[in-house]
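Below: my_file15.txt (compact mmCIF, C-alpha atoms)
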# COMPACT_ATOMS: atom_id res chain seq x y z
CA MET Q 1032 -18.25 20.22 -7.27
CA ASP Q 1033 -21.33 21.56 -5.45
CA ALA Q 1034 -22.06 25.16 -4.50
CA ASN Q 1035 -20.88 24.75 -0.91
CA SER Q 1036 -17.57 23.31 -2.00
CA ARG Q 1037 -17.10 26.13 -4.43
CA ALA Q 1038 -17.85 28.70 -1.72
CA ALA Q 1039 -15.32 27.13 0.62
CA LEU Q 1040 -12.82 26.98 -2.18
CA SER Q 1041 -13.37 30.63 -2.96
CA ALA Q 1042 -12.56 31.57 0.61
CA VAL Q 1043 -9.31 29.64 0.52
CA VAL Q 1044 -8.38 31.16 -2.79
CA ALA Q 1045 -9.25 34.65 -1.60
CA ARG Q 1046 -6.90 34.31 1.36
CA ARG Q 1047 -4.10 33.03 -0.83
CA ARG Q 1048 -4.74 35.72 -3.37
CA GLY Q 1049 -4.69 38.42 -0.72
CA ARG Q 1050 -1.17 37.46 0.19
CA ALA Q 1051 -0.15 37.31 -3.44
CA ARG Q 1052 -1.65 40.71 -4.14
CA LEU Q 1053 0.35 42.19 -1.31
CA ARG Q 1054 3.49 40.99 -3.01
CA ALA Q 1055 2.29 42.19 -6.36
CA ALA Q 1056 1.35 45.62 -5.06
CA THR Q 1057 4.97 46.56 -4.62
CA VAL Q 1058 5.65 45.87 -8.26
CA ALA Q 1059 2.45 47.51 -9.47
CA LEU Q 1060 3.13 50.70 -7.57
CA GLY Q 1061 6.39 51.13 -9.41
CA ALA Q 1062 4.72 50.73 -12.75
CA ALA Q 1063 1.83 52.99 -11.86
CA SER Q 1064 4.07 55.82 -10.76
CA LEU Q 1065 5.72 55.80 -14.17
CA VAL Q 1066 2.40 55.84 -15.96
CA ALA Q 1067 1.14 58.72 -13.87
CA ALA Q 1068 3.76 60.99 -15.40
CA GLY Q 1069 1.36 61.75 -18.21
CA ALA Q 1070 2.26 59.06 -20.65
CA VAL Q 1071 -0.01 56.20 -21.52
CA ALA Q 1072 1.36 52.72 -21.15
CA TYR Q 1073 0.24 50.02 -23.47
CA THR Q 1074 2.86 47.42 -22.78
CA LEU Q 1075 3.16 45.45 -19.61
CA PRO Q 1076 6.35 45.86 -17.62
CA GLY Q 1077 9.13 43.88 -19.20
CA GLY Q 1078 7.77 44.37 -22.66
CA THR Q 1079 9.86 43.53 -25.64
CA ALA Q 1080 10.32 46.11 -28.32
CA HIS Q 1081 8.63 44.88 -31.48
CA THR Q 1082 8.83 47.86 -33.76
CA ALA Q 1083 11.55 50.05 -35.07
CA THR Q 1084 10.09 53.04 -33.27
CA THR Q 1085 10.43 51.49 -29.85
CA THR Q 1086 13.65 52.43 -28.19
CA ALA Q 1087 15.10 50.12 -25.60
CA ALA Q 1088 16.69 52.81 -23.50
CA ALA Q 1089 15.79 54.61 -20.33
CA GLY Q 1090 14.13 57.96 -20.77
CA THR Q 1091 10.75 59.51 -21.23
CA ALA Q 1092 8.29 59.66 -24.07
CA THR Q 1093 8.79 62.79 -26.11
CA ALA Q 1094 7.89 63.34 -29.71
CA ALA Q 1095 4.71 62.04 -31.23
CA GLY Q 1096 5.07 58.59 -32.58
CA THR Q 1097 7.95 57.56 -30.41
CA ALA Q 1098 7.89 55.04 -27.65
CA THR Q 1099 10.49 54.82 -25.00
CA VAL Q 1100 11.13 52.35 -22.26
CA HIS Q 1101 11.04 54.11 -18.93
CA ALA Q 1102 13.23 53.24 -16.02
CA THR Q 1103 13.99 49.58 -16.00
CA SER Q 1104 14.85 47.18 -13.26
CA GLY Q 1105 15.94 43.69 -14.02
CA GLY Q 1106 14.76 43.99 -17.58
CA SER Q 1107 11.34 45.37 -16.79
CA GLY Q 1108 9.95 48.69 -17.88
CA VAL Q 1109 6.84 50.38 -19.11
CA VAL Q 1110 6.62 51.36 -22.73
CA ALA Q 1111 4.78 54.60 -23.23
CA ALA Q 1112 3.33 55.68 -26.51
CA THR Q 1113 1.38 58.56 -27.88
CA SER Q 1114 -2.00 58.08 -29.45
CA SER Q 1115 -0.82 59.27 -32.84
CA GLY Q 1116 -0.82 55.77 -34.13
CA THR Q 1117 2.63 56.05 -35.57
CA GLY Q 1118 4.36 54.69 -32.51
CA SER Q 1119 4.35 51.18 -31.19
CA ALA Q 1120 0.80 51.42 -29.94
CA SER Q 1121 -2.31 53.48 -30.19
CA ALA Q 1122 -5.36 53.75 -28.01
CA PRO Q 1123 -8.44 52.11 -29.46
CA THR Q 1124 -11.03 54.54 -30.70
CA ALA Q 1125 -14.73 54.05 -31.19
CA ALA Q 1126 -15.58 53.03 -34.72
CA THR Q 1127 -18.55 52.20 -36.84
CA GLY Q 1128 -19.12 50.28 -40.00
CA THR Q 1129 -17.96 46.92 -41.19
CA SER Q 1130 -15.20 45.49 -39.08
CA HIS Q 1131 -12.05 44.02 -40.52
CA ALA Q 1132 -11.98 41.31 -37.88
CA THR Q 1133 -13.56 40.17 -34.65
CA SER Q 1134 -11.92 39.56 -31.32
CA GLY Q 1135 -13.52 37.18 -28.89
CA GLY Q 1136 -12.84 33.95 -27.15
CA SER Q 1137 -12.10 31.10 -29.49
CA MET F 408 -9.75 34.23 -50.52
CA THR F 409 -12.08 37.20 -50.64
CA ALA F 410 -11.94 40.92 -50.93
CA ALA F 411 -12.84 42.50 -47.63
CA GLY F 412 -14.48 45.75 -46.67
CA ALA F 413 -15.31 48.73 -48.78
CA GLU F 414 -11.72 49.44 -49.71
CA ALA F 415 -11.14 47.67 -52.97
CA ARG F 416 -7.47 47.12 -52.38
CA GLU F 417 -7.82 45.40 -49.05
CA ALA F 418 -7.99 41.65 -49.18
CA SER F 419 -8.46 38.97 -46.62
CA ALA F 420 -8.13 35.22 -46.27
CA SER F 421 -9.26 32.94 -43.49
CA TRP F 422 -8.81 29.30 -42.62
CA GLN F 423 -8.32 26.98 -39.65
CA ALA F 424 -5.00 26.28 -37.91
CA LEU F 425 -3.74 25.80 -34.36
CA GLY F 426 -7.22 24.59 -33.50
CA THR F 427 -8.75 27.97 -34.17
CA GLY F 428 -9.79 30.43 -36.85
CA VAL F 429 -7.02 32.25 -38.69
CA GLN F 430 -7.37 35.46 -40.64
CA VAL F 431 -4.91 37.63 -42.50
CA THR F 432 -5.92 40.94 -44.04
CA VAL F 433 -3.60 43.17 -46.06
CA THR F 434 -4.02 46.74 -47.22
CA ASP F 435 -2.49 45.86 -50.57
CA GLY F 436 -4.54 43.05 -52.02
CA GLY F 437 -1.75 42.14 -54.38
CA GLN F 438 0.27 40.92 -51.41
CA LEU F 439 -2.35 38.57 -50.03
CA ALA F 440 -0.90 35.39 -51.50
CA LEU F 441 2.52 36.13 -50.05
CA ALA F 442 1.00 37.07 -46.69
CA ARG F 443 -0.97 33.87 -46.52
CA GLU F 444 2.01 31.76 -47.52
CA MET F 445 4.14 33.35 -44.81
CA LEU F 446 1.46 32.97 -42.17
CA GLU F 447 0.81 29.34 -43.04
CA ALA F 448 4.51 28.59 -42.77
CA ASP F 449 4.78 30.40 -39.46
CA LEU F 450 1.81 28.62 -37.96
CA GLY F 451 3.02 25.25 -39.17
CA ALA F 452 6.30 25.78 -37.38
CA VAL F 453 4.63 27.05 -34.22
CA ASP F 454 2.27 24.08 -34.18
CA LEU F 455 5.11 21.60 -34.54
CA ALA F 456 7.00 23.25 -31.70
CA CYS F 457 4.22 24.11 -29.27
CA SER F 458 1.18 21.87 -29.74
CA ARG F 459 0.46 19.66 -26.76
CA PHE F 460 -1.90 17.62 -28.92
CA ARG F 461 0.57 16.46 -31.56
CA PRO F 462 2.57 13.38 -30.64
CA ASP F 463 5.39 14.61 -32.86
CA SER F 464 5.59 18.08 -31.36
CA GLU F 465 8.65 19.31 -29.55
CA ILE F 466 6.74 20.19 -26.40
CA VAL F 467 5.25 16.70 -26.13
CA ALA F 468 8.75 15.29 -26.34
CA LEU F 469 9.70 17.56 -23.47
CA ASP F 470 6.79 16.22 -21.43
CA ARG F 471 8.13 12.73 -21.89
CA ALA F 472 11.55 13.85 -20.73
CA ALA F 473 10.32 15.77 -17.67
CA GLY F 474 12.39 14.90 -14.63
CA ALA F 475 15.44 14.10 -16.68
CA GLY F 476 18.35 16.41 -17.29
CA PRO F 477 18.15 19.70 -19.14
CA ALA F 478 17.05 19.46 -22.75
CA GLU F 479 18.01 21.78 -25.56
CA VAL F 480 15.02 23.29 -27.32
CA SER F 481 14.68 24.87 -30.73
CA PRO F 482 15.00 28.64 -31.09
CA LEU F 483 11.29 28.88 -31.85
CA LEU F 484 10.20 26.92 -28.79
CA ALA F 485 12.72 28.80 -26.68
CA GLU F 486 11.09 32.05 -27.69
CA ALA F 487 7.62 30.70 -26.96
CA ILE F 488 8.68 29.46 -23.53
CA ALA F 489 10.36 32.77 -22.74
CA VAL F 490 7.16 34.59 -23.62
CA ALA F 491 5.12 32.26 -21.42
CA LEU F 492 7.45 32.62 -18.46
CA ARG F 493 7.44 36.38 -18.87
CA ALA F 494 3.65 36.29 -18.73
CA ALA F 495 3.81 34.34 -15.49
CA ARG F 496 6.31 36.76 -13.99
CA LEU F 497 4.31 39.84 -14.95
CA THR F 498 1.04 38.49 -13.60
CA ASP F 499 2.37 37.09 -10.36
CA GLY F 500 1.67 33.61 -11.67
CA ASP F 501 -1.89 34.19 -12.86
CA VAL F 502 -0.92 33.23 -16.40
CA ASP F 503 1.24 30.18 -15.80
CA PRO F 504 2.48 27.73 -18.44
CA THR F 505 2.68 24.82 -16.01
CA VAL F 506 -1.07 24.21 -16.13
CA GLY F 507 -0.70 21.44 -18.71
CA ALA F 508 -1.38 18.52 -16.37
CA ALA F 509 -4.28 20.35 -14.71
CA MET F 510 -5.76 21.09 -18.11
CA ASN F 511 -5.57 17.40 -18.96
CA ALA F 512 -7.18 16.51 -15.64
CA ILE F 513 -10.30 18.54 -16.35
CA GLY F 514 -10.70 16.95 -19.77
CA TYR F 515 -9.01 19.36 -22.14
CA ASP F 516 -6.45 16.80 -23.24
CA ARG F 517 -6.90 16.91 -27.02
CA ASP F 518 -7.70 19.38 -29.75
CA PHE F 519 -10.77 21.19 -28.49
CA ALA F 520 -12.79 20.09 -31.51
CA LEU F 521 -12.40 16.54 -30.19
CA VAL F 522 -13.23 17.26 -26.54
CA PRO F 523 -16.73 15.86 -25.83
CA ARG F 524 -19.02 18.73 -24.89
CA GLU F 525 -20.96 16.53 -22.49
CA GLY F 526 -19.65 13.80 -20.25
CA PRO F 527 -20.01 12.05 -16.91
CA PRO F 528 -18.91 13.77 -13.70
CA VAL F 529 -15.19 14.01 -13.12
CA LYS F 530 -13.45 14.26 -9.78
CA LEU F 531 -12.25 17.85 -9.52
CA THR F 532 -9.37 18.17 -7.14
CA VAL F 533 -8.22 21.52 -5.85
CA ARG F 534 -4.53 21.40 -6.39
CA THR F 535 -2.12 24.23 -6.86
CA ILE F 536 -0.24 23.65 -10.07
CA PRO F 537 3.55 23.14 -9.96
CA GLY F 538 4.16 26.77 -10.81
CA TRP F 539 6.36 28.54 -13.30
CA ARG F 540 9.14 28.96 -10.77
CA GLN F 541 9.69 25.21 -10.96
CA VAL F 542 10.79 25.57 -14.55
CA GLU F 543 14.52 25.96 -15.06
CA PHE F 544 15.18 27.72 -18.32
CA ASP F 545 18.37 29.19 -19.73
CA GLU F 546 17.11 31.27 -22.61
CA GLN F 547 20.53 32.01 -24.02
CA ALA F 548 21.62 28.38 -24.06
CA ARG F 549 18.08 27.23 -24.85
CA LEU F 550 18.27 24.65 -22.09
CA LEU F 551 15.10 23.62 -20.28
CA ARG F 552 14.61 21.39 -17.30
CA LEU F 553 11.14 20.39 -16.18
CA PRO F 554 10.55 18.68 -12.83
CA PRO F 555 8.80 15.29 -12.95
CA GLY F 556 5.12 15.58 -13.72
CA VAL F 557 5.29 19.13 -15.03
CA ARG F 558 3.61 19.63 -18.37
CA LEU F 559 3.78 22.89 -20.21
CA ASP F 560 0.76 24.45 -21.85
CA LEU F 561 1.69 27.47 -23.92
CA GLY F 562 -1.88 27.96 -25.12
CA ALA F 563 -2.39 31.13 -23.10
CA THR F 564 0.32 33.06 -24.91
CA ALA F 565 1.43 31.16 -28.00
CA LYS F 566 -1.29 32.30 -30.38
CA ALA F 567 -0.91 35.96 -29.50
CA TRP F 568 2.86 35.74 -29.77
CA ALA F 569 2.53 33.97 -33.12
CA ALA F 570 0.19 36.72 -34.33
CA ASP F 571 2.67 39.43 -33.35
CA ARG F 572 5.51 37.57 -34.95
CA ALA F 573 3.71 36.90 -38.19
CA ALA F 574 2.26 40.40 -38.53
CA ALA F 575 5.67 42.00 -38.12
CA ARG F 576 7.28 39.61 -40.61
CA ILE F 577 4.56 40.04 -43.21
CA ALA F 578 4.56 43.82 -42.92
CA ALA F 579 8.32 43.86 -43.35
CA ALA F 580 8.11 41.63 -46.40
CA THR F 581 5.23 43.38 -48.12
CA GLY F 582 5.75 46.96 -47.03
CA GLY F 583 2.03 47.26 -46.48
CA GLY F 584 -0.36 47.10 -43.61
CA VAL F 585 -1.38 43.73 -42.22
CA LEU F 586 -3.77 42.34 -39.66
CA VAL F 587 -3.31 38.83 -38.33
CA SER F 588 -5.98 37.25 -36.17
CA LEU F 589 -5.52 33.90 -34.48
CA GLY F 590 -8.74 33.01 -32.76
CA GLY F 591 -9.44 36.65 -32.00
CA ASP F 592 -5.93 37.50 -30.85
CA VAL F 593 -5.31 40.36 -33.26
CA ALA F 594 -1.93 41.85 -34.18
CA VAL F 595 -1.50 44.64 -36.71
CA SER F 596 1.63 45.98 -38.29
CA GLY F 597 2.63 48.37 -41.03
CA PRO F 598 0.62 51.32 -42.25
CA PRO F 599 -3.00 50.94 -41.20
CA PRO F 600 -5.96 51.62 -43.47
CA ASP F 601 -7.75 54.96 -43.24
CA GLY F 602 -9.51 55.11 -39.90
CA GLY F 603 -7.46 52.26 -38.54
CA TRP F 604 -8.20 48.56 -38.28
CA ARG F 605 -11.80 48.13 -37.18
CA ILE F 606 -12.25 45.25 -34.78
CA ARG F 607 -15.50 44.08 -33.29
CA VAL F 608 -15.05 42.78 -29.77
CA GLN F 609 -17.52 40.15 -28.66
CA ASP F 610 -17.83 37.03 -26.54
CA ILE F 611 -16.75 34.54 -29.17
CA SER F 612 -14.69 35.18 -32.29
CA GLY F 613 -16.44 34.79 -35.57
CA ARG F 614 -16.60 36.10 -39.08
CA PRO F 615 -17.00 39.88 -39.29
CA GLU F 616 -19.96 39.46 -41.61
CA ASP F 617 -21.84 37.31 -39.11
CA PRO F 618 -23.84 38.95 -36.31
CA PRO F 619 -22.29 38.65 -32.86
CA THR F 620 -23.85 36.91 -29.93
CA GLY F 621 -23.85 38.90 -26.72
CA PRO F 622 -22.62 42.42 -26.15
CA SER F 623 -20.30 43.77 -28.82
CA ALA F 624 -18.59 46.98 -29.85
CA VAL F 625 -16.43 48.10 -32.73
CA VAL F 626 -13.16 49.88 -32.04
CA ALA F 627 -10.28 50.86 -34.25
CA ILE F 628 -6.59 50.40 -33.58
CA ARG F 629 -3.71 51.61 -35.69
CA ALA F 630 -0.84 49.62 -34.21
CA GLY F 631 -0.07 46.97 -31.65
CA GLY F 632 -2.61 44.37 -30.76
CA LEU F 633 -5.95 43.58 -29.25
CA ALA F 634 -6.91 40.36 -27.53
CA THR F 635 -10.00 38.99 -25.90
CA SER F 636 -10.27 36.24 -23.33
CA SER F 637 -13.63 34.71 -22.60
CA THR F 638 -15.13 32.10 -20.35
CA ALA F 639 -17.98 31.84 -22.84
CA SER F 640 -15.79 29.95 -25.28
CA ARG F 641 -14.16 26.53 -25.03
CA ARG F 642 -16.66 25.28 -22.47
CA TRP F 643 -17.71 21.75 -21.80
CA ARG F 644 -19.82 19.98 -19.23
CA ARG F 645 -18.93 17.12 -16.92
CA GLY F 646 -21.82 16.00 -14.78
CA GLY F 647 -23.35 19.16 -13.37
CA ASP F 648 -20.24 21.27 -13.76
CA VAL F 649 -19.59 23.62 -16.63
CA LEU F 650 -15.87 23.80 -17.26
CA HIS F 651 -13.88 26.26 -19.33
CA HIS F 652 -10.32 26.60 -20.51
CA ILE F 653 -8.95 29.44 -18.38
CA LEU F 654 -7.50 27.83 -15.28
CA ASP F 655 -6.71 29.52 -12.02
CA PRO F 656 -3.21 28.23 -11.27
CA ARG F 657 -3.88 28.44 -7.54
CA THR F 658 -6.57 25.79 -7.73
CA GLY F 659 -5.93 23.98 -10.99
CA LEU F 660 -9.61 24.51 -11.81
CA PRO F 661 -11.43 26.84 -14.19
CA ALA F 662 -11.35 30.39 -12.89
CA ALA F 663 -14.47 31.62 -11.14
CA VAL F 664 -16.55 33.52 -13.64
CA VAL F 665 -16.67 37.18 -12.72
CA TRP F 666 -16.07 38.40 -16.26
CA ARG F 667 -17.38 36.45 -19.17
CA THR F 668 -15.25 38.46 -21.60
CA VAL F 669 -12.28 40.79 -21.26
CA SER F 670 -10.73 42.65 -24.20
CA VAL F 671 -7.46 44.58 -23.90
CA ALA F 672 -5.49 46.72 -26.33
CA ALA F 673 -1.73 46.95 -25.93
CA ALA F 674 1.49 47.59 -27.77
CA THR F 675 1.58 43.96 -28.72
CA CYS F 676 -1.04 41.28 -29.05
CA THR F 677 1.00 39.22 -26.61
CA ASP F 678 0.73 41.81 -23.87
CA ALA F 679 -2.94 42.36 -24.63
CA ASN F 680 -3.51 38.63 -24.28
CA ILE F 681 -1.52 38.33 -21.07
CA ALA F 682 -3.56 41.13 -19.54
CA SER F 683 -6.92 39.85 -20.74
CA THR F 684 -6.23 36.32 -19.52
CA ALA F 685 -4.97 37.54 -16.16
CA ALA F 686 -8.03 39.77 -15.83
CA ILE F 687 -10.34 36.77 -16.15
CA ILE F 688 -8.41 35.02 -13.39
CA ARG F 689 -8.12 38.09 -11.16
CA GLY F 690 -11.86 38.61 -11.22
CA ARG F 691 -13.04 41.64 -9.29
CA ALA F 692 -9.50 42.91 -8.82
CA ALA F 693 -8.96 43.15 -12.57
CA PRO F 694 -10.27 46.66 -13.30
CA ALA F 695 -7.97 48.25 -10.72
CA TRP F 696 -5.00 46.26 -11.98
CA LEU F 697 -5.65 47.20 -15.61
CA THR F 698 -6.16 50.82 -14.61
CA GLU F 699 -2.84 50.87 -12.76
CA LEU F 700 -1.13 49.67 -15.91
CA ALA F 701 -3.11 52.16 -18.04
CA LEU F 702 -4.13 49.35 -20.35
CA PRO F 703 -7.30 50.15 -22.28
CA ALA F 704 -9.75 47.37 -21.55
CA ARG F 705 -13.38 46.36 -21.85
CA LEU F 706 -14.79 43.93 -19.33
CA VAL F 707 -18.18 42.29 -19.63
CA ASP F 708 -19.62 40.77 -16.48
CA GLU F 709 -21.90 37.78 -16.16
CA ALA F 710 -24.96 39.98 -16.47
CA ALA F 711 -23.62 41.42 -19.75
CA ARG F 712 -22.85 44.79 -18.20
CA VAL F 713 -19.92 46.48 -19.91
CA HIS F 714 -17.15 48.16 -17.93
CA THR F 715 -14.35 50.11 -19.61
CA VAL F 716 -11.04 51.26 -18.14
CA GLY F 717 -7.75 52.78 -19.22
CA GLY F 718 -9.09 54.89 -22.05
CA TRP F 719 -11.13 52.24 -23.81
CA PRO F 720 -13.88 54.18 -25.58
CA ALA F 721 -17.10 54.36 -23.64
CA GLU F 722 -19.98 52.54 -25.20
CA THR F 723 -23.26 54.21 -25.97
CA SER F 724 -25.91 52.64 -28.10
CA GLY F 725 -23.32 50.90 -30.26
CA GLY F 726 -23.17 47.88 -28.01
CA THR F 727 -25.45 44.99 -28.78
CA PRO F 728 -27.10 43.64 -25.64
Same coordinates, now as structure tokens:
Amino acid sequence: MDANSRAALSAVVARRRGRARLRAATVALGAASLVAAGAVAYTLPGGTAHTATTTAAAGTATAAGTATVHATSGGSGVVAATSSGTGSASAPTAATGTSHATSGGS
Amino acid sequence: MTAAGAEAREASASWQALGTGVQVTVTDGGQLALAREMLEADLGAVDLACSRFRPDSEIVALDRAAGAGPAEVSPLLAEAIAVALRAARLTDGDVDPTVGAAMNAIGYDRDFALVPREGPPVKLTVRTIPGWRQVEFDEQARLLRLPPGVRLDLGATAKAWAADRAAARIAAATGGGVLVSLGGDVAVSGPPPDGGWRIRVQDISGRPEDPPTGPSAVVAIRAGGLATSSTASRRWRRGGDVLHHILDPRTGLPAAVVWRTVSVAAATCTDANIASTAAIIRGRAAPAWLTELALPARLVDEAARVHTVGGWPAETSGGTP
């Protein structure tokens, strides 16, 4: 495919994507409003609880180390977690020294 | 099997499976043999269920039966399909498991190690893929119906899901901390080592002791997962076109390269992977989307400039240009 074809293709895709984004925005707004309450979300809406400290019930994040599914709709929700590291997720922090592993494309 | 890091009790093993590099690291070195045994068994089962390159795999049998009536799938494949369909739903179809036929059409139709890196031009046809909504799946009954011509490719989510699954199982069995990496999709579980699990993000996964190519940074996580998607890996050339393995479902072609690498941390490796893959496909819209979801992420553009969102630590001189 040459550059001109790619440019034309990009325009088509951009138009399609614009429509799709409009649909997606409605969903994203719901998720964002939950996040803005002060909690930090590390699981996409509809996340499955994977650890014993994740509670599959509506509510809000409270004590350190707990994670709670916020309001759900049709099985979706946003899992919030503290950064204590004892909950279901923790924010990455800057580190130095030898790494245990690498993460890149494979 | 080698001891890893400065902590004498940590131990690590690495090998190849699922067409990629596998690593398991445990905080209690005495549990390494058990951890490796469990991970090997897990990956063997996942490969048999999900590999589109094995003629004896369950998913290849489904391809052959596409267009027929509903087929019952194994519990393991049912879980993998459910994860893939969830990814499609959450990303508005950006991460779609029905890209299998499109992936074959651009030449990625066998284990990547066997895909010729150079080849004659291929006719690239812009063609929206069938779409995940065409898949009829009853998760409870484990019944799947694929329309004619639809081929599933679970490659976008299966490794990350397998990493989550294995890490949780190994941590439960050993009582210690564990890190599982499948081609750079990293899941951790159990008590982390002091300072957390240090992970170097970079364009292409490699051994920690080897220097990275391209920009890199080291971060630590204590739970959940971290995944990186990159257009710098799994590339091949057909005629004058450079192709890569992350397809835009709306065109059936490799996604336009806005970001060469996106790394995301999340509560699970699966969610991190879904977000990083979708970010590659979403291109310039990705930072805002990740920010809305408060997902910590690091995006590297074509010019190797690093952008961070969602609380990912800012990079100073630690990055390698």
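Distance-wise, atom CA of F:Asp617 and atom CA of Q:Gly1135 end up 13.2 Å apart.
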| request: Please provide as a PyMOL selection string all residues within 8 Å of stretch 585-594 of chain F, with the sequence filter that same-chain residues fewer than 3 positions apart are discarded (counting only C-alpha atoms). | output: (chain Q and resi 1132-1137) or (chain F and resi 427-434+566-567+570-571+573-574+577-578+597-599+604+612+630-635+675-676+680)
| message | I'd like to know which of F:Ala701, F:Val669, F:Ala489, F:Val626 is closest to F:Ala721, using only C-alpha atoms. | response |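 Ranked by minimum distance to F:Ala721, first place goes to F:Val626.
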| field | Gap from atom CA of F:Val506 to atom CA of F:Thr698 - Å, one decimal | value | 27.1 Å
| said: Given all atoms listed in the file as the basis, pick out the residue of F:Gly613, F:Gly583, F:Gly526, F:Gly646 nearest to chain Q. | reply: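 The answer is F:Gly613, which sits nearest to chain Q.
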Might I get the box with edges along x, y and z of the file that holds all atoms of stretch 700-717 of chain F listed there, padded by 6 Å on every side, given as centre and edge lengths in Å to one decimal, as AutoDock Vina command-line options?
--center_x -13.0 --center_y 45.3 --center_z -19.1 --size_x 35.8 --size_y 27.0 --size_z 18.4
| query | Interatomic distance between atom CA of F:Ser637 and atom CA of F:Ala711? | reply |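 So the answer is 12.4 Å.
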| query | Restricting the calculation to only C-alpha atoms, which member of F:Ala695, F:Ala663, F:Ile606, F:Leu484 is positioned closest to Q:Gly1128? | reply | F:Ile606
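Minimum atom-to-atom distance to chain Q, evaluated using all atoms listed in the file, belongs to F:Leu497 out of F:Ala580, F:Leu553, F:Leu497, F:Ala472.
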| query | Within 7 Å of Q:Ala1125, counting all atoms listed in the file, which residues qualify if same-chain residues fewer than 2 places away don't, as number ranges by chain? | reply | Q: 1123; F: 625-627, 720
| query | With only C-alpha atoms as the atoms that count, which of F:Ile488, F:Ala710, F:Ala565, F:Ala674 lies nearest to chain Q? | reply |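 Counting only C-alpha atoms, the residue closest to chain Q is F:Ala674.
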| said: Can you tell me which residues surround F:Pro504 at a distance of at most 7 Å, considering all atoms listed in the file, apart from same-chain residues fewer than 6 positions away, and format the answer as a ChimeraX atom specification? | reply: /F:491-492,539,559-561
Can I get the selection written as a PDB file, in the coordinates of the input, with C-alpha atoms?
ATOM      1  CA  ALA F 491       5.120  32.260 -21.420  1.00  0.00           C
ATOM      2  CA  LEU F 492       7.450  32.620 -18.460  1.00  0.00           C
ATOM      3  CA  TRP F 539       6.360  28.540 -13.300  1.00  0.00           C
ATOM      4  CA  LEU F 559       3.780  22.890 -20.210  1.00  0.00           C
ATOM      5  CA  ASP F 560       0.760  24.450 -21.850  1.00  0.00           C
ATOM      6  CA  LEU F 561       1.690  27.470 -23.920  1.00  0.00           C
TER       7      LEU F 561
END
Coords for stretch 550-561 of chain F, N, CA and C atoms, as a PDB file, in the first residue's frame:
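What landed in selection29.pdb:
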ATOM      1  N   LEU F 550     -21.294 -22.823  25.254  1.00  0.00           N
ATOM      2  CA  LEU F 550     -21.673 -23.088  23.868  1.00  0.00           C
ATOM      3  C   LEU F 550     -21.269 -21.894  22.997  1.00  0.00           C
ATOM      4  N   LEU F 551     -20.591 -22.208  21.909  1.00  0.00           N
ATOM      5  CA  LEU F 551     -20.077 -21.165  21.021  1.00  0.00           C
ATOM      6  C   LEU F 551     -20.537 -21.426  19.602  1.00  0.00           C
ATOM      7  N   ARG F 552     -20.991 -20.352  18.961  1.00  0.00           N
ATOM      8  CA  ARG F 552     -21.328 -20.471  17.546  1.00  0.00           C
ATOM      9  C   ARG F 552     -20.591 -19.360  16.792  1.00  0.00           C
ATOM     10  N   LEU F 553     -19.808 -19.782  15.816  1.00  0.00           N
ATOM     11  CA  LEU F 553     -19.083 -18.821  14.981  1.00  0.00           C
ATOM     12  C   LEU F 553     -19.714 -18.785  13.596  1.00  0.00           C
ATOM     13  N   PRO F 554     -19.970 -17.601  13.060  1.00  0.00           N
ATOM     14  CA  PRO F 554     -20.472 -17.516  11.681  1.00  0.00           C
ATOM     15  C   PRO F 554     -19.434 -18.063  10.701  1.00  0.00           C
ATOM     16  N   PRO F 555     -19.856 -18.437   9.502  1.00  0.00           N
ATOM     17  CA  PRO F 555     -18.897 -18.934   8.513  1.00  0.00           C
ATOM     18  C   PRO F 555     -17.776 -17.928   8.267  1.00  0.00           C
ATOM     19  N   GLY F 556     -16.572 -18.433   8.196  1.00  0.00           N
ATOM     20  CA  GLY F 556     -15.435 -17.578   7.875  1.00  0.00           C
ATOM     21  C   GLY F 556     -14.816 -16.865   9.059  1.00  0.00           C
ATOM     22  N   VAL F 557     -15.452 -16.927  10.209  1.00  0.00           N
ATOM     23  CA  VAL F 557     -14.902 -16.236  11.379  1.00  0.00           C
ATOM     24  C   VAL F 557     -13.872 -17.128  12.056  1.00  0.00           C
ATOM     25  N   ARG F 558     -12.703 -16.561  12.236  1.00  0.00           N
ATOM     26  CA  ARG F 558     -11.638 -17.275  12.948  1.00  0.00           C
ATOM     27  C   ARG F 558     -11.221 -16.458  14.163  1.00  0.00           C
ATOM     28  N   LEU F 559     -11.184 -17.129  15.279  1.00  0.00           N
ATOM     29  CA  LEU F 559     -10.796 -16.442  16.508  1.00  0.00           C
ATOM     30  C   LEU F 559      -9.280 -16.386  16.633  1.00  0.00           C
ATOM     31  N   ASP F 560      -8.812 -15.278  17.156  1.00  0.00           N
ATOM     32  CA  ASP F 560      -7.414 -15.132  17.536  1.00  0.00           C
ATOM     33  C   ASP F 560      -7.415 -14.557  18.951  1.00  0.00           C
ATOM     34  N   LEU F 561      -7.053 -15.389  19.906  1.00  0.00           N
ATOM     35  CA  LEU F 561      -7.066 -14.956  21.302  1.00  0.00           C
ATOM     36  C   LEU F 561      -5.715 -14.399  21.731  1.00  0.00           C
TER      37      LEU F 561
END
